[in-house]
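Contents: one structure, followed by commentary.
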Amino acid sequence: MRVVLVLADDPAVDDGGLRRSVEAALASAYHDVDVIDLHAGDFNPAMTAAGRRAYHSGEPLVEPDVADFGPRVSAAEALVFVYRASWTGMPPRLKGFVDRTFVPGVGFHLTDGKLQRGLVGVRRLTAIAIHDRSRSEVLRSRDYGRRILLRTMRLIVNRRCRRRYVALYDTRPERAAAARRRFSAKLDRVLVGL
Amino acid sequence: MSTLVVLCHPVPESFVAAVATQAAETLRDAGAEPRLLDLYADGFSPTAASTAVVEEHAEELRGAEALVLVYPTWWSGLPAMLAGWLEQVVAGGSTPRPGRPETTAASRDLLANLRYVAAVTTHGSSKFVNAVQGEAGLHFLRHGMHPLCPADCRLVWLAFHSSDVSSMADRRAFLARVDRRLRRLA
């Protein structure tokens with residue numbers, strides 16, 4: 001399966017080798033992985049004025065830092081997002097990736113205000129999240145990061161897309177050991193079985 | 001009542017910018033001392049703002065009795081720029097705090113003077129499509145940020161739907177609605 005792996009974890013933070021285990025799981029199943037690391041290079045999460053002006057023009061990816069994201073996500077059969085939650089949702093960096101990449105002509109097509117799917121080749125949506133807060137707190141705020149990645153995105157991918165969410169909550173060291181084991185096991189299962 | 005109006009849109013001639021101008025005008029007219037903060041014009045960095053800038057914005061927020069956020073809803077949520085502003089200014093940065101974050105207290109302290117938070121936002125698609133999409137932005141404000149505000153702080157939600165197919169009359173009507181609502185609050 002052609003996988004586009006979008007990394008929005010925080011490389012400065014020890015998260016128990018999350019990035020390594022995600023990449024290892026994908027490699028072990030011989031998936032064809034294209035990594036988009038939002039911390040590498042000069043990715044700017046904020047939509048720019050030029051990008052916004054070109055939004056409805058048919059050629060919306062005018063900025064060099066996002067220019068190649070369009071063809072890359074269009075070629076994907078699976079999208080895997082890895083992030084460390086900010087508050088209880090997506091970090092700004094990942095939201096910026098979504099804002100700037102899934103634009104008309106790439107993510108969807110707009111005809112008379114009606115939305116048409118753009119990523120019909122994408123049959124798997126997977127979000128992998130690390131939350132510093134407890135599960136109840138995340139659920140209380142309706143897990144809005146998950147909502148965007150797995151529910152809003154549903155409108156633009158293949159109709160029969162399978163969606164999976166793998167999350168680790170409450171990363172306090174004394175709480176995390178057993179939860180972390182379960183998290184890793186599910187992570188392997190989901191990624192190998194894409 | 002001193003009011004902080006935060007505008008988040010990259011294009012100065014956009015409808016969202018016009019909404020912010022209208023909001024500031026209404027508030028000034030009503031004697032609510034608005035201070036307009038234009039994140040794009042100020043060149044705010046959503047992921048790496050300097051400590052001095054963050055502190056300056058935090059000070060403004062601490063002194064404000066009302067907060068008006070004016071932004072476009074993209075992908076059913078807040079734009080990355082505004083999310084980055086809230087993360088750095090209100091939540092005190094992106095460093096992880098396992099379990100119950102101690103910054104909750106700092107955030108509460110920062111928002112302690114607020115009597116209302118208003119979100120004035122545009123949606124490209126219809127109200128129905130947004131409901132299907134999950135209204136992540138609304139949930140963030142209602143369940144993520146509003147609980148950090150004082151108990152008597154109100155949350156006001158002013159949404160403009162279907163902006164992709166809106167007419168000039170629809171937009172004027174929304175500006176009038178923003179004017180009426182903010183005047184009542186001020």
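By order of appearance in the structure tokens: chains A, B, ..., then residues from 1 within every chain, and ligands from 1 in the order shown.
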
_Could you tell me which residues of chain B sit within 8 Å of chain A when counting only C-alpha atoms, and give me the result as a VMD selection string?_
chain B and resid 10 to 11 46 to 47 74 to 77 79 to 81 83 to 84 87 91 94 96 to 101 125 132 to 134 136 to 137 139 to 140 142 to 144 162 164 to 165

_Set the distance at 9 Å and use only C-alpha atoms: which residues neighbour Gln116 in chain A once local chain neighbours fewer than 3 positions away are removed? I'd like the list as a list in words._
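Skipping anything fewer than 3 positions along the chain leaves Gly107, Phe108, His109, Leu110, Thr111, Leu155 and Ile156 of chain A.
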
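Each of B:Gly31, B:Pro147, B:Phe174, B:Ser2 was compared to Ala105 in chain B using only C-alpha atoms, and B:Pro147 turns out to be the nearest.
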
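Close contacts of range 21-35 of chain A, defined as residues with an atom at most 6 Å away when counting only C-alpha atoms, with chain neighbours fewer than 2 positions off set aside, comprise Met1, Arg2, Val3, Val4, Leu5, Leu18, Arg19, Asp188, Leu191 and Val192 of chain A.
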
Output file for the residues above (N, CA and C atoms, as a compact mmCIF listing (two decimals), in the first residue's frame):
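Once written, result-v3.txt looks like this:
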# COMPACT_ATOMS: atom_id res chain seq x y z
N MET A 1 0.84 -1.21 0.00
CA MET A 1 0.00 0.00 0.00
C MET A 1 0.87 1.26 0.00
N ARG A 2 0.52 2.22 -0.83
CA ARG A 2 1.28 3.48 -0.84
C ARG A 2 0.83 4.37 0.31
N VAL A 3 1.73 4.57 1.24
CA VAL A 3 1.38 5.31 2.45
C VAL A 3 2.06 6.68 2.45
N VAL A 4 1.29 7.72 2.73
CA VAL A 4 1.90 9.01 3.02
C VAL A 4 1.85 9.21 4.52
N LEU A 5 3.02 9.30 5.13
CA LEU A 5 3.13 9.41 6.58
C LEU A 5 3.41 10.87 6.92
N LEU A 18 8.37 6.93 19.34
CA LEU A 18 7.14 6.79 18.56
C LEU A 18 7.42 6.75 17.06
N ARG A 19 8.22 7.70 16.62
CA ARG A 19 8.52 7.82 15.19
C ARG A 19 9.18 6.54 14.68
N ASP A 188 1.09 -1.32 16.07
CA ASP A 188 1.63 -2.33 15.15
C ASP A 188 0.52 -2.98 14.35
N LEU A 191 -1.02 -0.51 11.73
CA LEU A 191 -0.13 -0.11 10.63
C LEU A 191 0.25 -1.29 9.74
N VAL A 192 0.49 -2.45 10.37
CA VAL A 192 0.83 -3.63 9.56
C VAL A 192 -0.39 -4.03 8.72

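Proximity to Val5 in chain B was assessed for B:Val68, B:Leu182, B:Val156, B:Ala48 counting only C-alpha atoms; the smallest distance is recorded for B:Val68.
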
*d(CA of Leu155 in chain B, CA of Arg28 in chain B) in Å*: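 Computed distance, CA of Leu155 in chain B to CA of Arg28 in chain B, equals 20.5 Å.
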
*Go through range 5-174 of chain B and collect every residue that DSSP, computed from the backbone, puts in helix (DSSP H, G or I); the answer should be as a PyMOL selection string.*
chain B and resi 15-29+51-63+80-90+103-110+127-133+136-148+163-165+168-174

*Check the smallest atom-to-atom distance from each of A:Ala67, A:Leu7, A:Ala185, A:Ala54 to Ala127 in chain A using only C-alpha atoms, then report the winner.*
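Using only C-alpha atoms, Ala127 in chain A sits closest to A:Leu7.
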
_Top pick for closest residue to Phe183 in chain A, considering A:Ala78, A:Val62, A:Gly16, A:His39 and counting only C-alpha atoms_ =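 Residue with the minimum atom-to-atom distance to Phe183 in chain A: A:Gly16.
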
*List the neighbours of Leu69 in chain B out to 9 Å using only C-alpha atoms; skip same-chain residues closer than 4 positions along the sequence, and give me the result as a PyMOL selection string.*
chain B and resi 4-8+20+82+117-121

Which residues come within 7 Å of range 150-152 of chain B, counting only C-alpha atoms, excluding same-chain residues fewer than 2 positions away, as a CSV table (one decimal) with N, CA and C atoms, in the first residue's frame?
chain,number,residue,atom,x,y,z
B,112,ALA,N,-8.9,35.7,33.5
B,112,ALA,CA,-9.7,35.9,34.7
B,112,ALA,C,-10.7,37.1,34.5
B,114,LEU,N,-12.2,38.2,31.8
B,114,LEU,CA,-13.1,38.1,30.7
B,114,LEU,C,-14.6,38.0,31.0
B,115,ARG,N,-15.4,38.9,30.4
B,115,ARG,CA,-16.8,38.8,30.7
B,115,ARG,C,-17.6,38.1,29.5
B,148,LEU,N,-11.9,27.4,30.8
B,148,LEU,CA,-10.8,28.1,31.5
B,148,LEU,C,-11.2,29.5,31.9
B,154,ARG,N,-19.4,34.6,29.2
B,154,ARG,CA,-20.3,34.1,28.2
B,154,ARG,C,-19.5,33.7,27.0

*Quick one: residues within 8 Å of Val190 in chain A, only C-alpha atoms counted, chain neighbours fewer than 4 positions away excluded, as a list in words?*
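Final neighbour list, sorted by chain and number: Arg164, Lys186 and Leu194 of chain A.
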
So that I have them on file, write out the residues from the current selection with N, CA and C atoms, as a short mmCIF file (atom, residue, chain, number, x, y, z; two decimals), in the first residue's frame.
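This went into out-v4.cif:
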data_model
loop_
_atom_site.label_atom_id
_atom_site.label_comp_id
_atom_site.auth_asym_id
_atom_site.auth_seq_id
_atom_site.Cartn_x
_atom_site.Cartn_y
_atom_site.Cartn_z
N ARG A 164 -9.01 4.61 11.27
CA ARG A 164 -8.52 4.07 12.54
C ARG A 164 -7.89 5.19 13.36
N LYS A 186 -1.41 -1.90 19.55
CA LYS A 186 -2.46 -1.49 18.61
C LYS A 186 -1.84 -0.78 17.40
N LEU A 194 -2.73 -2.24 7.44
CA LEU A 194 -3.33 -1.19 6.59
C LEU A 194 -3.94 -1.80 5.31
#

What's around range 12-17 of chain B at 7 Å? Count only C-alpha atoms, leave out sequence neighbours fewer than 6 positions away in its own chain, and write the answer as a PDB file with N, CA, C and O atoms, in the first residue's frame.
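Saved to part.pdb:
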ATOM      1  N   VAL B  70     -11.885  36.815  15.427  1.00  0.00           N
ATOM      2  CA  VAL B  70     -12.461  36.899  14.088  1.00  0.00           C
ATOM      3  C   VAL B  70     -11.587  36.084  13.146  1.00  0.00           C
ATOM      4  O   VAL B  70     -10.414  36.418  12.947  1.00  0.00           O
ATOM      5  N   TYR B  71     -12.140  35.013  12.585  1.00  0.00           N
ATOM      6  CA  TYR B  71     -11.306  34.109  11.778  1.00  0.00           C
ATOM      7  C   TYR B  71     -12.162  33.304  10.812  1.00  0.00           C
ATOM      8  O   TYR B  71     -13.357  33.145  11.018  1.00  0.00           O
ATOM      9  N   PRO B  72     -11.537  32.769   9.763  1.00  0.00           N
ATOM     10  CA  PRO B  72     -12.251  31.863   8.875  1.00  0.00           C
ATOM     11  C   PRO B  72     -12.173  30.445   9.445  1.00  0.00           C
ATOM     12  O   PRO B  72     -11.141  30.069  10.001  1.00  0.00           O
TER      13      PRO B  72
END

*Quick one: of B:Phe44, B:Asp179, B:Ala186, B:Ser167, who's nearest to Glu25 in chain B, counting only C-alpha atoms?*
B:Asp179
